[in-house]
Amino acid sequence: MNQDGDIVEFNPAAEKTFGYGRSEVMGRRLTHLIALPMVGDARSEDFFRNWDKGRGGLVGRRVETQATRRDGSVFPIELAVSRIDIGEGALFTACMRDITDRRRAESEIEKLAAFPRFNPQAVMEISGEGAVSYYNEAALALAKSLGQNRPTDILPPDTAAIAKGCLALGQTRLHHETSNGDRTLS
């Protein structure tokens, strides 16, 4: 794109990503395709004027923002802008990558990470040395219902040996039952 933010080149990968043919976007503003992030007080038209003055803020960095396809669907992108000096002026190369799949994966990881926290069943994570590295609220409630202050207090005394034995056998999960008074914990 040029110093004013007008598209001066549009490659086949961009055609595929955005759904526009090259001839449809040549000469149009980049803001037709992407939402520029705020940089200081500048947005859109001021943003392009400031690029040439070195105040654009995006040149040489990667930022995440949103873009719009021809069909109107909005999707997240990673944007990296480079400056190319030519004679008295400059051109800017905007490399954009659709990060929809990455965002989807991040969301799935967040959901999976939250699962133990919101699980109504007692969940504890025990390290290879047998130390409890995590427990959820349900584990704490279970311990309290058994008259103990901490979930670690309801584990069998040989928890460290059990954990080490599992790892020695290549097991990552274990089914173990222990009794606490008249209750059996599994």
# chains A, B, ... in the order shown; residues from 1 in each chain; ligands from 1
>>> residues_around(residues="stretch 18-26 of chain A", least_positions_apart="4", cutoff="8 Å", atoms="only C-alpha atoms", output="PyMOL selection string")
chain A and resi 6-12+14+33+68-71
>>> closest_residue(among="A:Ala35, A:Val81, A:Ala90, A:Leu58", to="A:Asp4", atoms="only C-alpha atoms")
A:Ala90
>>> residues_around(residues="A:Pro116", least_positions_apart="5", cutoff="12 Å", atoms="only C-alpha atoms", output="PyMOL selection string")
chain A and resi 110-111+121-125+134-139
>>> residues_around(residues="A:Arg83", least_positions_apart="6", cutoff="8 Å", atoms="only C-alpha atoms", output="list in words")
Val59, Ala90, Leu91, Phe92 and Thr93 of chain A
>>> residues_around(residues="A:Ser145", least_positions_apart="4", cutoff="12 Å", atoms="only C-alpha atoms", output="NGL selection string")
:A and (122 or 138-141 or 149-151 or 153-154 or 180-181 or 183)
>>> atom_distance(atom1="atom CA of A:Ala13", atom2="atom CA of A:Glu108")
27.4 Å
